[in-house]
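Trainee: Mind having a look at this structure? Questions to follow.
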Amino acid sequence: MATVTRAHPNIALIKYWGKAPGEGNIPATPSLSITLDALTTTTEVTDAEADIFELDGRPVADRKVTECLANLRRHHPVPPLHIRSRNNFPTAAGLASSASGFAALVTAIDAHCNLNLTAQVRSDYARQGSGSAARSIFGGFVALRGPNWQAEPLATPADWPLKVVIAIAAAEAKAVSSSEGMKRSAATSPYYPAWVASTGQDFEAAISLVASQDFAGLAELAEFSCLKMHGLMLSSRPGLIYWNPTTVACMHRVRQLRSNGLPVFFTIDAGPQLKAICLPEAAREVAAALADVDGVHKVLVSGVGDGAALVAKEAGND
Ligand code: 2P0
């Protein structure tokens, strides 16, 4: 019997960077994201003799996947599984493949094994795999905050149908994983305590800006959160530089478009790709401007996506 699910990555407008001490992969700060419909992870689960995990057609030994399965098995009957996960975008290049990956995986195991988990509980298991994955269980605009650290939906894709233009500035895997980078920032950056202390108020302000659909306010705040996170990364030792020259050129281009009156702002995660968030009527112009920046390989235009969902559950020979 095969079970197939689909999930989309999300990008944080208020960033998560750093973990609370202790177990459970608890973020040190709250975060707020939007889900991207143009990027998709599709995960198929079948019964097997022993666990096998394939990513984009190749068997992979992934410690986080192994731990995610072990976590689920601590509380639920989950037999050995063959898991085939595919991304329609570059893996591990700052496009949040682990977010959609763990959201699709937990949702697939839930459906395949008839665990009847609530979305909140799936979010909890997904977060233990990868912090940002907690948010990809839900669609639209999503918050992740304590004390329970299960994500919660704030607005649906139809409520505020923004567009996200993704400028691919390099397709290679990143040099330092997010988990490693977060550890380094917490251990070495003199800015880390200030980051942890100040993010809560950014998060609270962003909740209000999303509720009132204040694009200009969100633009200013989201760029602040992004640049504050990158300031933290840069101040780690050795400094974490996730940008390349194309990323920086794209940032200047977005600022220039905004000063010319276009409703657009940027955000960048732990990789060189820039995501430009804009009102729908600006998407075409933003995409053309970013495609024209030296070094941009490709531009993708995404809408706001839905949460992780079951695609098919079929009887079969496997
Ligand atoms: C975010 N990022 O809020 C931030 C912004 C990247 C930069 O969450 O260690 O893969 O697996 O919990 O979720 C990427 O980190 O990290 C991330 P782990 P994750 O989207």
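Identifiers in this document derive from the order of the structure tokens: chains are assigned A, B, ..., residues are numbered from 1 separately in each chain, and ligands are numbered from 1 in order of occurrence.
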Return as a list in words the residues of protein, DNA or RNA that approach ligand 1 to within 7 Å, with only C-alpha atoms and all ligand atoms taken into account.
Mentor: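 The residues within 7 Å of ligand 1, counting only C-alpha atoms and all ligand atoms, are Ile11, Ala12, Ile14, Lys15, Tyr16, Trp17, Asn25, Ser31, Ala96, Ser98, Ala99, Arg127, Gly129, Ser130, Gly131, Ser132, Ala133, Ser178, Ser179, Asp269 and Ala270 of chain A.
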Trainee: Need the shell around Val296 of chain A: protein/DNA/RNA residues with any atom at most 7 Å away, counting only C-alpha atoms. Skip same-chain ones fewer than 2 positions apart. Format as a VMD selection string?
Mentor: chain A and resid 167 to 169 246 291 293 to 294 298
Trainee: What does the file look like for those residues with all heavy atoms, as a CSV table (one decimal), in the first residue's frame?
Mentor:
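Listing of out-v4.csv after writing:
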```
chain,number,residue,atom,x,y,z
A,167,ALA,N,14.8,34.5,-6.6
A,167,ALA,CA,15.9,34.7,-7.5
A,167,ALA,C,17.0,33.6,-7.1
A,167,ALA,O,17.5,33.7,-6.0
A,167,ALA,CB,16.5,36.1,-7.4
A,168,ILE,N,17.2,32.7,-8.0
A,168,ILE,CA,18.2,31.6,-7.7
A,168,ILE,C,19.6,32.2,-8.1
A,168,ILE,O,19.9,32.4,-9.2
A,168,ILE,CB,17.9,30.4,-8.6
A,168,ILE,CG1,16.5,29.9,-8.4
A,168,ILE,CG2,18.9,29.3,-8.3
A,168,ILE,CD1,16.2,29.2,-7.0
A,169,ALA,N,20.4,32.4,-7.0
A,169,ALA,CA,21.7,33.0,-7.2
A,169,ALA,C,22.8,31.9,-7.2
A,169,ALA,O,24.0,32.3,-7.5
A,169,ALA,CB,21.9,34.0,-6.0
A,246,THR,N,25.7,38.0,-6.1
A,246,THR,CA,24.4,38.1,-6.7
A,246,THR,C,23.3,38.4,-5.7
A,246,THR,O,22.4,39.2,-6.0
A,246,THR,CB,24.1,36.8,-7.5
A,246,THR,OG1,25.2,36.6,-8.4
A,246,THR,CG2,22.8,36.9,-8.3
A,291,ALA,N,15.5,39.0,-12.8
A,291,ALA,CA,16.1,38.1,-13.9
A,291,ALA,C,17.2,38.8,-14.6
A,291,ALA,O,18.1,38.2,-15.1
A,291,ALA,CB,15.0,37.7,-14.9
A,293,VAL,N,19.4,40.8,-13.1
A,293,VAL,CA,20.6,41.0,-12.2
A,293,VAL,C,21.7,40.0,-12.6
A,293,VAL,O,21.4,38.8,-12.8
A,293,VAL,CB,20.2,40.9,-10.7
A,293,VAL,CG1,21.4,40.9,-9.8
A,293,VAL,CG2,19.2,42.0,-10.3
A,294,ASP,N,22.9,40.5,-12.8
A,294,ASP,CA,24.0,39.7,-13.1
A,294,ASP,C,24.2,38.5,-12.2
A,294,ASP,O,24.2,38.7,-11.0
A,294,ASP,CB,25.3,40.5,-12.9
A,294,ASP,CG,25.9,40.8,-14.3
A,294,ASP,OD1,25.3,40.5,-15.3
A,294,ASP,OD2,27.1,41.3,-14.3
A,298,LYS,N,18.0,31.9,-12.5
A,298,LYS,CA,16.6,31.6,-12.8
A,298,LYS,C,15.8,32.4,-11.8
A,298,LYS,O,16.2,32.7,-10.7
A,298,LYS,CB,16.5,30.1,-12.5
A,298,LYS,CG,15.3,29.5,-13.1
A,298,LYS,CD,15.3,28.0,-12.8
A,298,LYS,CE,13.9,27.4,-13.1
A,298,LYS,NZ,13.9,26.0,-12.8
```
Trainee: Find the residues near Val60 of chain A: any atom within 12 Å, counting only C-alpha atoms, skip ones fewer than 6 places away on the same chain, and give them as a ChimeraX atom specification.
Mentor: /A:51-54,66,82-85
Trainee: Hey, which of A:Val254, A:Ala28, A:Val65, A:Ala7 ends up closest to Ala194 of chain A? Count only C-alpha atoms.
Mentor: A:Ala28
Trainee: Could you pull the residues within 9 Å of segment 273-276 of chain A, counting only C-alpha atoms, minus those fewer than 6 positions along the same chain, as a list in words?
Mentor: Ile11, Ala93, Gly94, Leu95, Lys163, Val164, Val165, Ile166, Ala167, Ile168, Ala169, Ala170, Ala171, Trp243, Asn244, Thr246, Thr247, Val248, Cys250, Met251, Val254, Val264, Phe265, Phe266, Thr267, Ala283, Val286, Ala287 and Leu290 of chain A
Trainee: If you run DSSP on this backbone, which residues of segment 32-235 of chain A come out as strand (DSSP E or B), and could you give them as a PyMOL selection string?
Mentor: chain A and resi 32-36+41-47+52-55+58-59+81-87+141-144+152-155+163-168
Trainee: Given the selection you just returned, output its residues as a file containing N, CA and C atoms, formatted as an mmCIF file, in the first residue's frame.
Mentor:
```
data_model
loop_
_atom_site.group_PDB
_atom_site.id
_atom_site.type_symbol
_atom_site.label_atom_id
_atom_site.label_comp_id
_atom_site.auth_asym_id
_atom_site.auth_seq_id
_atom_site.Cartn_x
_atom_site.Cartn_y
_atom_site.Cartn_z
ATOM 1 N N LEU A 32 7.571 33.682 12.103
ATOM 2 C CA LEU A 32 6.329 33.824 11.328
ATOM 3 C C LEU A 32 6.679 33.674 9.852
ATOM 4 N N SER A 33 5.900 32.860 9.145
ATOM 5 C CA SER A 33 6.293 32.512 7.767
ATOM 6 C C SER A 33 5.127 32.581 6.795
ATOM 7 N N ILE A 34 5.475 32.534 5.502
ATOM 8 C CA ILE A 34 4.471 32.253 4.483
ATOM 9 C C ILE A 34 4.888 31.011 3.714
ATOM 10 N N THR A 35 3.890 30.240 3.327
ATOM 11 C CA THR A 35 4.089 28.965 2.647
ATOM 12 C C THR A 35 4.109 29.234 1.136
ATOM 13 N N LEU A 36 4.991 28.524 0.413
ATOM 14 C CA LEU A 36 5.205 28.797 -1.017
ATOM 15 C C LEU A 36 4.614 27.700 -1.897
ATOM 16 N N THR A 41 7.559 19.383 -2.118
ATOM 17 C CA THR A 41 8.130 18.069 -1.798
ATOM 18 C C THR A 41 6.995 17.051 -1.872
ATOM 19 N N THR A 42 7.230 15.969 -2.599
ATOM 20 C CA THR A 42 6.244 14.884 -2.680
ATOM 21 C C THR A 42 6.878 13.654 -2.033
ATOM 22 N N THR A 43 6.171 13.071 -1.105
ATOM 23 C CA THR A 43 6.722 11.939 -0.349
ATOM 24 C C THR A 43 5.786 10.744 -0.445
ATOM 25 N N GLU A 44 6.382 9.607 -0.813
ATOM 26 C CA GLU A 44 5.607 8.366 -0.904
ATOM 27 C C GLU A 44 6.132 7.392 0.138
ATOM 28 N N VAL A 45 5.225 6.781 0.863
ATOM 29 C CA VAL A 45 5.600 5.820 1.899
ATOM 30 C C VAL A 45 4.946 4.476 1.586
ATOM 31 N N THR A 46 5.764 3.406 1.633
ATOM 32 C CA THR A 46 5.228 2.051 1.497
ATOM 33 C C THR A 46 5.805 1.182 2.620
ATOM 34 N N ASP A 47 5.170 0.069 2.903
ATOM 35 C CA ASP A 47 5.723 -0.858 3.891
ATOM 36 C C ASP A 47 6.995 -1.493 3.328
ATOM 37 N N ILE A 52 14.058 2.410 4.616
ATOM 38 C CA ILE A 52 14.897 2.954 3.539
ATOM 39 C C ILE A 52 14.396 4.373 3.286
ATOM 40 N N PHE A 53 15.337 5.315 3.177
ATOM 41 C CA PHE A 53 14.953 6.693 2.849
ATOM 42 C C PHE A 53 15.644 7.089 1.556
ATOM 43 N N GLU A 54 14.866 7.476 0.558
ATOM 44 C CA GLU A 54 15.428 7.951 -0.715
ATOM 45 C C GLU A 54 15.056 9.403 -0.901
ATOM 46 N N LEU A 55 16.067 10.200 -1.268
ATOM 47 C CA LEU A 55 15.826 11.617 -1.568
ATOM 48 C C LEU A 55 16.186 11.843 -3.028
ATOM 49 N N ARG A 58 17.795 8.781 -4.713
ATOM 50 C CA ARG A 58 19.021 8.142 -4.188
ATOM 51 C C ARG A 58 18.844 7.788 -2.718
ATOM 52 N N PRO A 59 19.252 6.566 -2.308
ATOM 53 C CA PRO A 59 19.183 6.231 -0.882
ATOM 54 C C PRO A 59 20.121 7.142 -0.082
ATOM 55 N N LEU A 81 9.541 1.225 6.974
ATOM 56 C CA LEU A 81 8.959 1.951 5.841
ATOM 57 C C LEU A 81 9.995 2.230 4.766
ATOM 58 N N HIS A 82 9.536 2.197 3.526
ATOM 59 C CA HIS A 82 10.322 2.696 2.396
ATOM 60 C C HIS A 82 9.775 4.096 2.084
ATOM 61 N N ILE A 83 10.642 5.096 2.232
ATOM 62 C CA ILE A 83 10.219 6.498 2.060
ATOM 63 C C ILE A 83 10.928 7.053 0.837
ATOM 64 N N ARG A 84 10.135 7.545 -0.100
ATOM 65 C CA ARG A 84 10.720 8.183 -1.294
ATOM 66 C C ARG A 84 10.267 9.631 -1.316
ATOM 67 N N SER A 85 11.250 10.533 -1.204
ATOM 68 C CA SER A 85 10.930 11.954 -1.134
ATOM 69 C C SER A 85 11.566 12.661 -2.330
ATOM 70 N N ARG A 86 10.794 13.505 -2.977
ATOM 71 C CA ARG A 86 11.311 14.248 -4.142
ATOM 72 C C ARG A 86 10.994 15.715 -4.015
ATOM 73 N N ASN A 87 11.980 16.556 -4.351
ATOM 74 C CA ASN A 87 11.783 18.004 -4.374
ATOM 75 C C ASN A 87 11.770 18.481 -5.817
ATOM 76 N N PHE A 141 -0.207 32.120 6.062
ATOM 77 C CA PHE A 141 0.685 32.803 7.005
ATOM 78 C C PHE A 141 0.634 32.007 8.308
ATOM 79 N N VAL A 142 1.808 31.686 8.849
ATOM 80 C CA VAL A 142 1.875 30.722 9.952
ATOM 81 C C VAL A 142 2.794 31.248 11.051
ATOM 82 N N ALA A 143 2.371 31.072 12.292
ATOM 83 C CA ALA A 143 3.189 31.478 13.443
ATOM 84 C C ALA A 143 3.705 30.239 14.170
ATOM 85 N N LEU A 144 4.918 30.349 14.712
ATOM 86 C CA LEU A 144 5.461 29.292 15.575
ATOM 87 C C LEU A 144 5.985 29.967 16.834
ATOM 88 N N GLU A 152 0.745 27.545 14.241
ATOM 89 C CA GLU A 152 -0.676 27.904 14.154
ATOM 90 C C GLU A 152 -0.895 28.778 12.917
ATOM 91 N N PRO A 153 -1.965 28.510 12.166
ATOM 92 C CA PRO A 153 -2.233 29.325 10.978
ATOM 93 C C PRO A 153 -2.797 30.682 11.378
ATOM 94 N N LEU A 154 -2.342 31.742 10.698
ATOM 95 C CA LEU A 154 -2.813 33.103 10.988
ATOM 96 C C LEU A 154 -3.757 33.612 9.906
ATOM 97 N N ALA A 155 -3.474 33.278 8.656
ATOM 98 C CA ALA A 155 -4.293 33.739 7.530
ATOM 99 C C ALA A 155 -4.120 32.742 6.390
ATOM 100 N N LYS A 163 2.607 37.541 -3.713
ATOM 101 C CA LYS A 163 3.472 36.734 -4.586
ATOM 102 C C LYS A 163 4.897 36.767 -4.035
ATOM 103 N N VAL A 164 5.621 35.681 -4.289
ATOM 104 C CA VAL A 164 7.025 35.605 -3.881
ATOM 105 C C VAL A 164 7.857 35.285 -5.115
ATOM 106 N N VAL A 165 8.771 36.181 -5.447
ATOM 107 C CA VAL A 165 9.655 35.986 -6.598
ATOM 108 C C VAL A 165 10.994 35.498 -6.040
ATOM 109 N N ILE A 166 11.407 34.312 -6.464
ATOM 110 C CA ILE A 166 12.641 33.719 -5.932
ATOM 111 C C ILE A 166 13.740 33.865 -6.981
ATOM 112 N N ALA A 167 14.807 34.532 -6.585
ATOM 113 C CA ALA A 167 15.948 34.680 -7.490
ATOM 114 C C ALA A 167 16.983 33.636 -7.108
ATOM 115 N N ILE A 168 17.225 32.689 -8.006
ATOM 116 C CA ILE A 168 18.205 31.628 -7.732
ATOM 117 C C ILE A 168 19.594 32.184 -8.067
#
```
Trainee: Among segment 68-313 of chain A, which residues carry a DSSP assignment of alpha helix (DSSP H), reported as a PyMOL selection string?
Mentor: chain A and resi 68-75+97-112+119-129+133-136+178-188+192-211+215-234+245-259+283-291
Trainee: Determine, counting only C-alpha atoms, which protein, DNA and RNA residues have an atom within 8 Å of an atom of segment 224-238 of chain A; residues of the same chain fewer than 5 positions away are not included. Present the result as a list in words.
Mentor: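 My reading of the contact set: Leu13, Ile14, Lys15, Trp17, Gly181, Arg184, Ser185, Thr188, Ser189, Pro190, Tyr191, Tyr192, Trp195, Thr199, Asp202, Thr267, Ile268 and Asp269 of chain A.
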Trainee: For Ala216 of chain A, work out the shell of residues within 12 Å, counting only C-alpha atoms and skipping chain neighbours fewer than 3 positions away, then give it as a list in words.
Mentor: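 In the requested format, the answer is Ala206, Leu209, Val210, Ser212, Gln213, Ala219, Glu220, Leu221, Ala222, Glu223, Arg258, Ser259, Gly261, Leu262, Pro263, Val264, Phe265, Ile277, Cys278 and Leu279 of chain A.
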Trainee: Interatomic distance between atom CA of Ala211 of chain A and atom CA of Ser136 of chain A?
Mentor: 19.5 Å
Trainee: Can you work out which one of A:Lys183, A:His112, A:Arg122, A:Lys19 has the shortest atom-to-atom distance to Phe138 of chain A, counting only C-alpha atoms?
Mentor: A:Arg122
Trainee: Using only C-alpha atoms, which of the listed residues (A:Asp56, A:Thr40, A:Thr5, A:Tyr242) sits closest to Leu310 of chain A?
Mentor: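 Looking at the shortest contact to Leu310 of chain A, the residue is A:Thr5.
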